[in-house]
>>> print(open('upload18.txt').read())   # compact mmCIF, C-alpha atoms
# COMPACT_ATOMS: atom_id res chain seq x y z
CA MET R 136 -7.17 -5.54 36.60
CA ASN R 137 -7.12 -9.28 35.93
CA ARG R 138 -8.27 -8.62 32.38
CA ILE R 139 -5.40 -6.23 31.74
CA ILE R 140 -2.89 -8.75 33.07
CA THR R 141 -4.45 -11.50 30.91
CA THR R 142 -4.26 -9.20 27.91
CA LEU R 143 -0.62 -8.40 28.49
CA LEU R 144 0.19 -12.09 28.87
CA THR R 145 -1.69 -12.90 25.66
CA ILE R 146 0.35 -10.32 23.78
CA LEU R 147 3.56 -11.76 25.15
CA ILE R 148 2.54 -15.27 24.05
CA ILE R 149 1.67 -14.03 20.56
CA GLN R 150 5.00 -12.27 20.47
CA LEU R 151 6.85 -15.44 21.39
CA LEU R 152 4.95 -17.47 18.80
CA VAL R 153 5.35 -15.17 15.84
CA VAL R 154 8.12 -12.77 16.67
CA ASN R 155 10.57 -13.89 14.05
CA LYS R 156 8.17 -14.63 11.25
CA THR R 157 8.14 -11.01 10.31
CA LEU R 158 7.82 -9.03 7.17
CA SER R 159 8.60 -11.65 4.61
CA ASP R 160 8.69 -10.24 1.08
CA GLU R 161 9.16 -6.76 2.45
CA GLY R 162 7.87 -4.26 -0.01
CA GLU R 163 5.34 -6.63 -1.59
CA VAL R 164 1.75 -5.99 -0.60
CA LYS R 165 0.20 -9.11 0.94
CA ASP R 166 -3.38 -8.75 -0.21
CA CYS R 167 -4.49 -12.37 0.30
CA PHE R 168 -8.22 -11.62 0.04
CA GLU R 169 -8.14 -8.96 -2.65
CA LYS R 170 -11.43 -9.85 -4.36
CA LEU R 171 -13.35 -9.86 -1.09
CA ASN R 172 -11.49 -6.75 0.08
CA ARG R 173 -12.39 -4.89 -3.12
CA ALA R 174 -16.07 -5.81 -2.66
CA THR R 175 -16.02 -4.61 0.95
CA PHE R 176 -14.20 -1.45 -0.13
CA ALA R 177 -16.96 -0.76 -2.69
CA LEU R 178 -19.57 -1.26 0.06
CA ASN R 179 -17.70 1.14 2.36
CA MET R 180 -17.42 3.73 -0.41
CA GLY R 181 -21.19 3.49 -0.91
CA LEU R 182 -21.80 3.93 2.82
CA ASP R 183 -19.40 6.86 2.86
CA LYS R 184 -21.23 8.53 0.02
CA ILE R 185 -24.69 8.26 1.53
CA ILE R 186 -23.93 8.45 5.27
CA PHE R 187 -20.45 9.45 6.46
CA LYS R 188 -19.54 12.15 3.95
CA PRO R 189 -22.80 14.13 4.32
CA ILE R 190 -22.59 13.90 8.12
CA SER R 191 -18.92 14.99 8.04
CA LYS R 192 -19.84 17.96 5.86
CA GLY R 193 -22.48 18.94 8.42
CA TYR R 194 -19.95 18.48 11.25
CA ARG R 195 -17.56 20.82 9.44
CA LYS R 196 -20.22 23.54 9.61
CA LEU R 197 -20.14 23.51 13.43
CA PRO R 198 -18.24 26.42 14.99
CA SER R 199 -14.50 25.81 15.13
CA PRO R 200 -14.27 25.81 18.99
CA ILE R 201 -16.86 23.00 19.14
CA ARG R 202 -14.91 20.89 16.64
CA THR R 203 -11.63 21.62 18.42
CA GLY R 204 -13.16 20.72 21.79
CA THR R 205 -14.60 17.49 20.40
CA GLY R 206 -11.26 16.58 18.83
CA ASN R 207 -9.49 17.34 22.13
CA ALA R 208 -11.93 15.21 24.16
CA LEU R 209 -11.50 12.26 21.77
CA ASN R 210 -7.73 12.62 21.88
CA ASN R 211 -7.87 12.67 25.66
CA LEU R 212 -9.92 9.47 25.68
CA SER R 213 -7.45 7.78 23.32
CA ASN R 214 -4.80 8.09 26.06
CA LEU R 215 -6.53 5.16 27.76
CA ILE R 216 -5.23 2.92 24.95
CA THR R 217 -2.02 4.84 24.29
CA ILE R 218 -0.64 4.69 27.85
CA PRO R 219 -0.62 0.84 28.24
CA ASN R 220 0.90 0.62 24.75
CA ASN R 221 3.60 3.15 25.64
CA ILE R 222 4.49 0.79 28.50
CA LEU R 223 4.36 -2.31 26.26
CA GLN R 224 6.74 -0.61 23.86
CA GLY R 225 9.09 0.34 26.69
CA ASP R 226 8.49 4.06 26.17
CA PHE R 227 8.07 5.01 29.81
CA GLY R 228 8.72 8.70 29.18
CA SER R 229 5.71 8.93 26.87
CA ALA R 230 3.64 6.86 29.30
CA ALA R 231 4.37 9.36 32.09
CA ASN R 232 3.75 12.35 29.79
CA ASN R 233 0.42 10.93 28.54
CA SER R 234 -0.69 9.97 32.06
CA ALA R 235 -0.07 13.54 33.20
CA ARG R 236 -1.98 14.83 30.15
CA LEU R 237 -4.90 12.49 30.88
CA LEU R 238 -5.07 13.56 34.53
CA ILE R 239 -4.76 17.31 33.88
CA ASN R 240 -7.01 17.47 30.82
CA THR R 241 -9.74 15.26 32.33
CA THR R 242 -9.94 17.47 35.42
CA LEU R 243 -8.78 21.02 34.66
CA GLY R 244 -9.55 20.58 30.98
CA ILE R 245 -13.18 19.56 31.70
CA ALA R 246 -13.34 16.00 30.35
CA GLY R 247 -10.58 16.75 27.88
CA ILE R 248 -12.41 19.52 26.00
CA PHE R 249 -9.51 21.88 26.69
CA ASP R 250 -5.81 21.12 26.66
CA PRO R 251 -4.24 22.89 29.67
CA ALA R 252 -1.65 20.08 29.95
CA ASN R 253 0.13 21.57 26.96
CA SER R 254 0.68 24.82 28.90
CA PHE R 255 2.16 22.79 31.76
CA GLY R 256 4.78 21.39 29.38
CA PHE R 257 3.13 18.04 28.68
CA GLU R 258 2.98 18.14 24.91
CA LYS R 259 0.74 15.96 22.80
CA ARG R 260 2.51 12.85 21.53
CA ASP R 261 1.60 10.23 18.94
CA LYS R 262 -1.23 7.80 19.63
CA GLU R 263 -0.35 4.15 20.11
CA ASP R 264 -2.49 1.01 19.89
CA PHE R 265 -2.08 -2.73 20.37
CA GLY R 266 -1.48 -3.31 16.65
CA GLN R 267 1.47 -0.92 16.83
CA SER R 268 2.79 -2.63 19.97
CA LEU R 269 2.65 -5.99 18.21
CA GLY R 270 4.54 -4.42 15.29
CA VAL R 271 7.18 -2.98 17.63
CA MET R 272 7.57 -6.45 19.16
CA GLY R 273 8.37 -7.77 15.69
CA VAL R 274 5.05 -9.30 14.66
CA GLY R 275 4.57 -9.04 10.89
CA GLU R 276 1.55 -7.23 9.50
CA GLY R 277 0.09 -10.31 7.82
CA CYS R 278 -2.53 -10.02 5.10
CA TYR R 279 -4.25 -6.76 4.32
CA LEU R 280 -7.97 -6.68 5.14
CA VAL R 281 -10.88 -4.34 4.54
CA LEU R 282 -13.57 -4.60 7.19
CA PRO R 283 -17.14 -3.44 6.61
CA VAL R 284 -17.61 0.12 7.97
CA LEU R 285 -14.31 0.02 9.89
CA GLY R 286 -12.20 0.09 6.71
CA PRO R 287 -8.57 -0.92 6.09
CA THR R 288 -6.60 -3.03 8.55
CA THR R 289 -4.24 -6.03 8.62
CA ILE R 290 -4.35 -9.35 10.44
CA ARG R 291 -1.95 -7.94 13.05
CA ASP R 292 -4.00 -4.78 13.55
CA THR R 293 -7.20 -6.82 13.81
CA VAL R 294 -5.59 -8.92 16.57
CA GLY R 295 -4.64 -5.61 18.22
CA SER R 296 -8.26 -4.43 18.06
CA LEU R 297 -9.45 -7.73 19.53
CA VAL R 298 -6.99 -7.30 22.39
CA ALA R 299 -8.43 -3.83 22.99
CA MET R 300 -11.99 -5.15 22.98
CA ASN R 301 -11.14 -7.98 25.34
CA GLY R 302 -9.78 -6.04 28.26
CA GLY R 303 -7.00 -3.92 26.81
CA ASP R 304 -9.04 -0.75 26.41
CA VAL R 305 -10.13 0.74 29.73
CA TRP R 306 -12.78 2.91 28.02
CA HIS R 307 -14.30 -0.21 26.40
CA ASN R 308 -14.18 -1.99 29.77
CA ILE R 309 -16.09 0.66 31.68
CA THR R 310 -18.70 1.20 28.97
CA VAL R 311 -19.40 -1.93 26.90
CA ARG R 312 -18.13 -4.52 29.35
CA ASP R 313 -19.76 -2.64 32.22
CA ASP R 314 -16.74 -3.05 34.44
CA GLU R 315 -18.11 -1.38 37.55
CA GLU R 316 -14.89 -2.01 39.36
CA TYR R 317 -13.71 1.34 37.93
CA VAL R 318 -16.54 3.74 37.12
CA ARG R 319 -20.33 3.31 37.09
CA GLU R 320 -21.48 6.39 35.20
CA PHE R 321 -20.86 5.28 31.61
CA LYS R 322 -23.02 3.20 29.29
CA GLU R 323 -22.38 1.15 26.18
CA SER R 324 -23.89 3.90 24.04
CA ASP R 325 -21.13 6.27 25.25
CA TYR R 326 -18.50 3.96 23.75
CA TRP R 327 -20.19 3.73 20.36
CA ALA R 328 -20.91 7.47 20.36
CA SER R 329 -17.21 8.17 20.93
CA ARG R 330 -16.17 5.74 18.17
CA ILE R 331 -18.64 7.18 15.64
CA THR R 332 -17.73 10.78 16.51
CA SER R 333 -14.06 9.90 16.19
CA GLY R 334 -14.70 8.54 12.68
CA ILE R 335 -16.68 11.61 11.66
CA ASP R 336 -14.06 13.96 13.12
CA PHE R 337 -11.35 12.17 11.09
CA ARG R 338 -13.47 12.18 7.90
CA ALA R 339 -14.32 15.89 8.33
CA LYS R 340 -10.64 16.80 8.72
CA ASN R 341 -9.87 15.00 5.45
CA LEU R 342 -12.80 15.95 3.22
CA GLU R 343 -10.74 17.76 0.57
CA ALA R 344 -7.86 15.28 0.70
CA PHE R 345 -10.27 12.35 0.15
CA ASP R 346 -12.04 14.14 -2.70
CA ALA R 347 -8.72 14.91 -4.42
CA MET R 348 -7.56 11.32 -3.93
CA GLU R 349 -10.81 9.92 -5.33
CA LYS R 350 -10.70 12.23 -8.33
CA ASN R 351 -7.03 11.68 -9.16
CA SER R 352 -6.58 7.94 -8.64
CA VAL R 353 -6.65 5.34 -11.37
CA ASP R 354 -7.18 2.59 -8.78
CA LEU R 355 -8.55 4.11 -5.58
CA TYR R 356 -8.57 0.79 -3.73
CA ALA R 357 -4.81 0.33 -4.31
CA THR R 358 -4.14 3.96 -3.32
CA VAL R 359 -5.95 3.59 0.01
CA ARG R 360 -4.21 0.25 0.66
CA SER R 361 -0.79 1.74 -0.02
CA LEU R 362 -1.41 4.78 2.17
CA TYR R 363 -2.77 2.68 5.04
CA LEU R 364 0.18 0.26 5.01
CA GLN R 365 2.75 3.06 4.73
CA ASP R 366 1.08 4.92 7.58
CA ARG R 367 1.12 1.90 9.86
CA LYS R 368 4.79 1.23 9.11
CA LYS R 369 5.61 4.84 9.91
CA LYS R 370 3.67 4.70 13.18
CA ILE R 371 5.30 1.44 14.24
CA SER R 372 8.77 2.82 13.57
CA ASN R 373 7.71 5.78 15.76
CA SER R 374 9.56 8.02 13.42
CA SER R 375 8.40 11.57 12.97
CA GLY R 376 11.08 12.31 10.44
CA LYS R 377 12.85 9.69 8.39
CA THR R 378 10.83 6.73 7.18
CA GLU R 379 11.52 3.91 4.80
CA THR R 380 10.16 6.12 2.04
CA MET R 381 13.40 8.05 2.50
CA ASP R 382 15.34 4.93 1.60
CA ASP R 383 17.32 5.34 -1.60
CA GLY R 384 17.32 1.62 -2.42
CA ASP R 385 14.04 1.77 -4.27
CA TRP R 386 15.27 4.65 -6.40
CA ASP R 387 18.70 3.17 -6.97
CA THR R 388 17.16 0.33 -8.99
CA LEU R 389 16.07 3.06 -11.39
CA GLU R 390 19.56 4.56 -11.57
CA ASN R 391 21.21 1.25 -12.28
CA GLN R 392 19.34 0.55 -15.49
CA MET O 300 37.85 56.84 -12.43
CA LYS O 301 34.74 56.11 -14.43
CA ILE O 302 36.44 53.10 -16.01
CA LEU O 303 37.30 51.78 -12.56
CA LYS O 304 33.70 52.26 -11.41
CA ASN O 305 32.36 50.40 -14.44
CA PHE O 306 34.89 47.64 -13.91
CA PHE O 307 33.79 47.03 -10.31
CA PHE O 308 30.15 47.27 -11.31
CA SER O 309 30.72 44.59 -13.99
CA ILE O 310 32.44 42.34 -11.45
CA PHE O 311 29.52 42.84 -9.07
CA ILE O 312 26.97 41.86 -11.75
CA PHE O 313 29.12 38.88 -12.76
CA LEU O 314 29.27 37.66 -9.17
CA ILE O 315 25.51 37.94 -8.81
CA LEU O 316 24.99 35.95 -11.99
CA ILE O 317 27.45 33.26 -10.91
CA ASN O 318 25.85 33.15 -7.51
CA ASN O 319 22.40 32.66 -9.00
CA SER O 320 23.37 29.85 -11.30
CA TRP O 321 25.68 27.96 -8.96
CA SER O 322 24.23 28.30 -5.52
CA ARG O 323 20.63 27.37 -6.05
CA SER O 324 20.37 24.95 -3.18
CA PRO O 325 17.53 22.39 -3.09
CA SER O 326 15.96 24.37 -0.24
CA GLU O 327 15.95 27.54 -2.29
CA PHE O 328 14.60 25.61 -5.25
CA ILE O 329 11.66 24.26 -3.20
CA SER O 330 11.12 27.59 -1.50
CA SER O 331 10.85 29.54 -4.75
CA LEU O 332 8.80 26.80 -6.39
CA SER O 333 6.27 26.61 -3.56
CA SER O 334 5.94 30.37 -3.36
CA GLU O 335 5.32 30.49 -7.12
CA ALA O 336 2.63 27.79 -6.79
CA SER O 337 1.14 29.55 -3.77
CA ASN O 338 0.88 32.82 -5.74
CA ILE O 339 -0.93 31.04 -8.56
CA LEU O 340 -3.34 29.30 -6.19
CA SER O 341 -4.24 32.49 -4.32
CA SER O 342 -4.54 34.57 -7.51
CA LYS O 343 -7.78 35.56 -9.20
CA LEU O 344 -7.06 33.40 -12.24
CA THR O 345 -9.82 31.06 -13.42
CA LYS O 346 -9.58 27.38 -12.47
CA ASP O 347 -8.48 26.43 -15.99
CA GLU O 348 -5.81 29.14 -16.02
CA LYS O 349 -4.53 27.96 -12.65
CA ILE O 350 -4.38 24.37 -13.90
CA SER O 351 -2.47 25.45 -16.98
CA ARG O 352 0.09 27.43 -14.91
CA LEU O 353 0.47 24.56 -12.43
CA LYS O 354 1.14 22.17 -15.30
CA GLU O 355 3.93 24.46 -16.51
CA ILE O 356 5.47 24.41 -13.03
CA GLY O 357 5.17 20.62 -12.84
CA GLU O 358 6.82 20.17 -16.20
CA GLN O 359 9.76 22.39 -15.25
CA SER O 360 10.37 21.17 -11.72
CA VAL O 361 9.52 17.45 -11.62
CA ASP O 362 11.62 14.66 -13.13
CA ILE O 363 8.56 13.25 -14.89
CA GLU O 364 10.53 10.62 -16.79
CA GLY O 365 12.31 9.40 -13.64
CA VAL O 366 9.08 9.25 -11.63
CA GLY O 367 7.32 7.53 -14.53
CA PHE O 368 9.84 4.73 -14.77
CA TYR O 369 10.10 4.38 -10.99
CA THR O 370 6.32 4.03 -10.85
CA LEU O 371 6.40 0.99 -13.13
CA GLY O 372 8.38 -0.94 -10.50
CA LYS O 373 9.19 -4.52 -11.46
CA TYR O 374 7.30 -4.19 -14.76
CA ARG O 375 9.80 -1.58 -16.00
CA LYS O 376 12.12 -4.25 -17.34
CA MET O 377 9.37 -6.04 -19.27
CA LEU O 378 8.49 -3.17 -21.58
CA SER O 379 9.65 -2.99 -25.20
CA ASP O 380 11.09 0.29 -26.48
CA SER O 381 7.87 1.20 -28.25
CA GLN O 382 5.84 0.43 -25.11
CA LYS O 383 8.22 2.58 -23.07
CA LYS O 384 7.71 5.45 -25.49
CA GLN O 385 3.93 5.04 -25.40
CA TYR O 386 3.98 4.79 -21.60
CA MET O 387 6.04 7.95 -21.16
CA GLU O 388 3.69 9.94 -23.38
CA LEU O 389 0.67 8.74 -21.41
CA PHE O 390 2.39 9.11 -18.05
CA LYS O 391 3.34 12.72 -18.70
CA ASP O 392 -0.26 13.67 -19.51
CA TYR O 393 -1.56 11.63 -16.57
CA PHE O 394 0.96 13.08 -14.15
CA LEU O 395 0.41 16.72 -15.07
CA LYS O 396 -3.37 16.34 -14.92
CA SER O 397 -3.22 14.54 -11.58
CA PHE O 398 -0.60 16.96 -10.16
CA SER O 399 -2.55 20.09 -11.09
CA GLY O 400 -5.88 18.49 -10.12
CA ARG O 401 -4.64 17.71 -6.62
CA LEU O 402 -3.27 21.20 -6.05
CA VAL O 403 -5.92 23.42 -7.60
CA GLY O 404 -8.36 22.90 -4.72
CA TYR O 405 -6.05 24.68 -2.28
CA THR O 406 -6.45 28.45 -2.29
CA ASP O 407 -4.45 29.19 0.83
CA ALA O 408 -1.35 27.04 0.59
CA LYS O 409 1.74 28.44 2.24
CA ILE O 410 4.79 26.25 2.61
CA ALA O 411 7.65 26.98 4.98
CA VAL O 412 10.96 25.28 4.18
CA LEU O 413 12.57 24.08 7.42
CA SER O 414 15.84 22.37 6.55
CA GLU O 415 17.55 20.05 4.11
CA GLU O 416 19.52 16.83 4.37
CA ILE O 417 22.03 15.96 1.68
CA LYS O 418 21.76 12.17 1.37
CA ASN O 419 24.35 11.77 -1.38
CA GLU O 420 25.35 13.51 -4.59
CA LYS O 421 22.09 12.43 -6.24
CA TYR O 422 19.53 13.16 -3.56
CA THR O 423 18.72 15.85 -1.03
CA ILE O 424 15.64 15.72 1.17
CA VAL O 425 14.10 19.12 1.83
CA TYR O 426 11.94 19.25 4.94
CA SER O 427 9.01 21.65 4.95
CA LYS O 428 5.53 22.17 6.34
CA LEU O 429 2.25 23.30 4.88
CA ILE O 430 1.14 25.96 7.32
CA GLY O 431 -2.14 25.04 9.04
CA THR O 432 -5.33 27.09 8.88
CA SER O 433 -8.57 27.00 10.89
CA GLU O 434 -9.87 24.46 8.35
CA ARG O 435 -6.91 22.10 8.17
CA PRO O 436 -4.01 21.11 10.40
CA GLU O 437 -0.33 21.75 9.68
CA VAL O 438 1.06 19.12 7.29
CA LYS O 439 4.66 17.91 7.09
CA ILE O 440 5.91 17.71 3.50
CA ASP O 441 9.34 16.37 2.58
CA TRP O 442 10.66 16.65 -0.95
CA ARG O 443 13.05 14.18 -2.55
CA VAL O 444 15.12 16.38 -4.82
CA TYR O 445 17.24 14.77 -7.54
CA THR O 446 20.50 16.68 -7.66
CA LYS O 447 22.53 14.73 -10.19
CA ASP O 448 22.67 17.96 -12.19
CA PRO O 449 23.17 20.48 -9.35
CA GLU O 450 22.27 23.39 -11.60
CA ASN O 451 18.96 21.84 -12.50
CA PRO O 452 17.48 20.15 -9.41
CA LEU O 453 14.28 18.19 -10.01
CA ILE O 454 11.64 16.76 -7.69
CA ARG O 455 11.28 12.99 -7.64
CA ASP O 456 8.95 12.44 -4.69
CA LEU O 457 6.75 14.18 -2.18
CA ILE O 458 6.53 12.58 1.23
CA ILE O 459 3.45 13.87 3.02
CA GLU O 460 3.37 13.05 6.74
CA GLY O 461 5.70 10.13 5.99
CA LEU O 462 3.64 8.81 3.07
CA SER O 463 5.40 8.72 -0.28
CA LEU O 464 3.32 9.78 -3.26
CA ALA O 465 5.69 8.07 -5.73
CA ARG O 466 5.45 4.82 -3.82
CA THR O 467 1.65 5.07 -3.61
CA GLN O 468 1.50 5.62 -7.35
CA LYS O 469 3.85 2.69 -7.96
CA GLU O 470 1.63 0.36 -5.92
CA GLU O 471 -1.45 1.70 -7.70
CA PHE O 472 0.01 1.07 -11.18
CA ASN O 473 1.43 -2.32 -10.18
CA SER O 474 -1.97 -3.36 -8.83
CA ILE O 475 -3.64 -2.55 -12.18
CA ILE O 476 -1.03 -4.53 -14.14
CA ALA O 477 -1.07 -7.47 -11.69
CA ASN O 478 -4.88 -7.69 -11.80
CA ASN O 479 -4.77 -7.91 -15.60
CA ASP O 480 -2.38 -10.86 -15.94
CA GLY O 481 0.68 -8.62 -16.12
CA LYS O 482 -0.52 -6.81 -19.25
CA ILE O 483 0.81 -3.27 -19.52
CA GLU O 484 -1.98 -2.45 -21.98
CA ALA O 485 -4.44 -2.50 -19.07
CA LEU O 486 -2.49 0.33 -17.46
CA PHE O 487 -2.42 2.23 -20.75
CA GLU O 488 -6.19 1.89 -20.97
CA ASN O 489 -6.67 3.19 -17.42
CA LEU O 490 -4.32 6.11 -17.99
CA ASN O 491 -6.12 6.97 -21.24
CA LYS O 492 -9.48 6.93 -19.47
CA PHE O 493 -8.13 9.22 -16.76
CA ILE O 494 -6.65 11.66 -19.28
CA GLU O 495 -9.84 11.81 -21.34
CA ASN O 496 -12.22 12.28 -18.40
>>> encode(input="upload18.txt", output="structure tokens")
Amino acid sequence: MNRIITTLLTILIIQLLVVNKTLSDEGEVKDCFEKLNRATFALNMGLDKIIFKPISKGYRKLPSPIRTGTGNALNNLSNLITIPNNILQGDFGSAANNSARLLINTTLGIAGIFDPANSFGFEKRDKEDFGQSLGVMGVGEGCYLVLPVLGPTTIRDTVGSLVAMNGGDVWHNITVRDDEEYVREFKESDYWASRITSGIDFRAKNLEAFDAMEKNSVDLYATVRSLYLQDRKKKISNSSGKTETMDDGDWDTLENQ
Amino acid sequence: MKILKNFFFSIFIFLILINNSWSRSPSEFISSLSSEASNILSSKLTKDEKISRLKEIGEQSVDIEGVGFYTLGKYRKMLSDSQKKQYMELFKDYFLKSFSGRLVGYTDAKIAVLSEEIKNEKYTIVYSKLIGTSERPEVKIDWRVYTKDPENPLIRDLIIEGLSLARTQKEEFNSIIANNDGKIEALFENLNKFIEN
């Protein structure tokens, strides 16, 4: 519990320190380490080709109910990060909804494999993380980064991940940090298994989309960077409909010439 | 009596024709376009035939010139007239190849148009979804339709789950130019390579 309080306080301090230094040069990509990022991206693409893509193809051959159940269980687990971030963002309605989903699906849904909460009226909502909460608080994204294996991120999202790994993620606490205050049954390997499965599940769901993107891009690195940054902005604005891509301003510059 | 019947019949046909040319709303435009593309994709045509038909659709329904110039971003103003001409020729070939290449992999693509939002006299956003299957989830697709000429609406952007394809392409092209000391020729070279491959 102390760790969670410390984490929340740390976020508040970061917010106070950087809250107004946000989003300078909006629209310009801040790729401060582009050469290094491109090298890491090439490494990740190589790893994807020889490890992640073949495994994801194999995963796709599993019967659909197994894949759905795995996806459901991983989604259920992600509530452990989403709920505190719902609270940090002041979205108490979603926090209550996701808490009910976590409780129902972990018990009646057998560790989240099934989704009975949906039938009870608790619909699935968007995932939230500490990077998004920092964004909602007004912290700018900072430079774009590509991490080995983990892939695209930003300085802000990396800080968010560090917050999660230092007390903000209950699942990390009870597995890797061995926080027996809560539950004793889980091991560190359970955490890494869930992270790896989550990555493979995501990759398997996007096999065709990735192939098409790879085949039809003239600069794949820049494509992935653009999609990642747009996606994060959309998630931080918590908008399911209109996004800044709907803004006419960008297009008006074309009209005015 | 026969004259009267013919007269009313002519008025009826006239009204249908007027209706078809004047009231083609952006939603109807997207709906008929996506169903045409869906029919091609699910047909028994060969891959090359499908690509050729998809290119025809792309050429008729997308404002290729508008998207091309938008995609250049800040570099648009730096091009000479001859470079602009060369760019547009390359961009058209690039776009149609990329557009058809991205779509041809889908054999079961059904799009349901949900609603539309008129932003101003130039733009309407049409909201739709790609219906999910057991292999892939439902995908939200919004279309930025350019309606400056209401009788000939054209697509300017596809926003898939909130991610703009035009913007992605703009950042991709800008990255190539920026990494080559602002030289547009580097982009031309990349586009040529893509077209020839």
>>> residues_near_point(input="upload18.txt", point="(-2.5, 4.1, -22.4)", cutoff="12 Å", atoms="all atoms listed in the file", output="ChimeraX atom specification")
/R:353 /O:382-393,472,482-495
>>> residues_around(input="upload18.txt", residues="Asp264 in chain R", least_positions_apart="5", cutoff="8 Å", atoms="only C-alpha atoms", output="number ranges by chain")
R: 216-217, 220, 295
>>> interface_residues(input="upload18.txt", of="chain R", to="chain O", cutoff="6 Å", atoms="all atoms listed in the file", output="list of chain:residue names")
R:Ala347, R:Asn351, R:Asp354, R:Ala357, R:Thr358, R:Ser361, R:Thr380
>>> atom_distance(input="upload18.txt", atom1="CA of Ile371 in chain R", atom2="CA of Ile218 in chain R")
15.2 Å
>>> residues_around(input="upload18.txt", residues="Asp304 in chain R", least_positions_apart="3", cutoff="10 Å", atoms="only C-alpha atoms", output="PyMOL selection string")
chain R and resi 138-139+142+213-217+219+264-265+296-301+307-309
>>> axis_aligned_box(input="upload18.txt", around="range 359-369 of chain O", padding_each_side="5 Å", output="JSON")
{"center_x": 9.8, "center_y": 13.4, "center_z": -13.9, "size_x": 15.0, "size_y": 28.0, "size_z": 15.8}
>>> closest_residue(input="upload18.txt", among="O:Leu353, O:Val425, O:Ile417, O:Leu395", to="Ile454 in chain O", atoms="all atoms listed in the file")
O:Val425
>>> closest_residue(input="upload18.txt", among="O:Asn479, O:Ser414, O:Ser351, O:Ser360", to="Ser331 in chain O", atoms="all atoms listed in the file")
O:Ser360
>>> residues_near_point(input="upload18.txt", point="(19.9, 14.9, -6.1)", cutoff="7 Å", atoms="only C-alpha atoms", output="PyMOL selection string")
chain O and resi 420-423+444-447+452
>>> residues_around(input="upload18.txt", residues="Thr432 in chain O", least_positions_apart="6", cutoff="10 Å", atoms="all atoms listed in the file", output="ChimeraX atom specification")
/O:407-409
>>> build_atoms(input="upload18.txt", residues="range 355-368 of chain O", atoms="N, CA and C atoms", output="mmCIF file, in the frame of the given file")
data_model
loop_
_atom_site.group_PDB
_atom_site.id
_atom_site.type_symbol
_atom_site.label_atom_id
_atom_site.label_comp_id
_atom_site.auth_asym_id
_atom_site.auth_seq_id
_atom_site.Cartn_x
_atom_site.Cartn_y
_atom_site.Cartn_z
ATOM 1 N N GLU O 355 2.619 23.916 -16.081
ATOM 2 C CA GLU O 355 3.930 24.460 -16.510
ATOM 3 C C GLU O 355 4.959 24.256 -15.399
ATOM 4 N N ILE O 356 4.549 24.578 -14.166
ATOM 5 C CA ILE O 356 5.470 24.410 -13.030
ATOM 6 C C ILE O 356 5.885 22.948 -12.890
ATOM 7 N N GLY O 357 4.893 22.056 -12.976
ATOM 8 C CA GLY O 357 5.170 20.620 -12.840
ATOM 9 C C GLY O 357 6.153 20.139 -13.896
ATOM 10 N N GLU O 358 5.972 20.603 -15.092
ATOM 11 C CA GLU O 358 6.820 20.170 -16.200
ATOM 12 C C GLU O 358 8.268 20.633 -15.996
ATOM 13 N N GLN O 359 8.411 21.840 -15.423
ATOM 14 C CA GLN O 359 9.760 22.390 -15.250
ATOM 15 C C GLN O 359 10.470 21.835 -14.012
ATOM 16 N N SER O 360 9.703 21.461 -13.004
ATOM 17 C CA SER O 360 10.370 21.170 -11.720
ATOM 18 C C SER O 360 10.361 19.697 -11.315
ATOM 19 N N VAL O 361 9.589 18.863 -12.013
ATOM 20 C CA VAL O 361 9.520 17.450 -11.620
ATOM 21 C C VAL O 361 10.241 16.595 -12.676
ATOM 22 N N ASP O 362 10.966 15.598 -12.213
ATOM 23 C CA ASP O 362 11.620 14.660 -13.130
ATOM 24 C C ASP O 362 10.554 13.642 -13.558
ATOM 25 N N ILE O 363 9.717 14.068 -14.519
ATOM 26 C CA ILE O 363 8.560 13.250 -14.890
ATOM 27 C C ILE O 363 9.004 11.885 -15.437
ATOM 28 N N GLU O 364 10.062 11.881 -16.223
ATOM 29 C CA GLU O 364 10.530 10.620 -16.790
ATOM 30 C C GLU O 364 11.009 9.657 -15.683
ATOM 31 N N GLY O 365 11.797 10.218 -14.749
ATOM 32 C CA GLY O 365 12.310 9.400 -13.640
ATOM 33 C C GLY O 365 11.172 8.836 -12.794
ATOM 34 N N VAL O 366 10.215 9.697 -12.450
ATOM 35 C CA VAL O 366 9.080 9.250 -11.630
ATOM 36 C C VAL O 366 8.271 8.208 -12.403
ATOM 37 N N GLY O 367 8.089 8.450 -13.692
ATOM 38 C CA GLY O 367 7.320 7.530 -14.530
ATOM 39 C C GLY O 367 7.912 6.141 -14.538
ATOM 40 N N PHE O 368 9.214 6.062 -14.726
ATOM 41 C CA PHE O 368 9.840 4.730 -14.770
ATOM 42 C C PHE O 368 9.892 4.089 -13.383
#
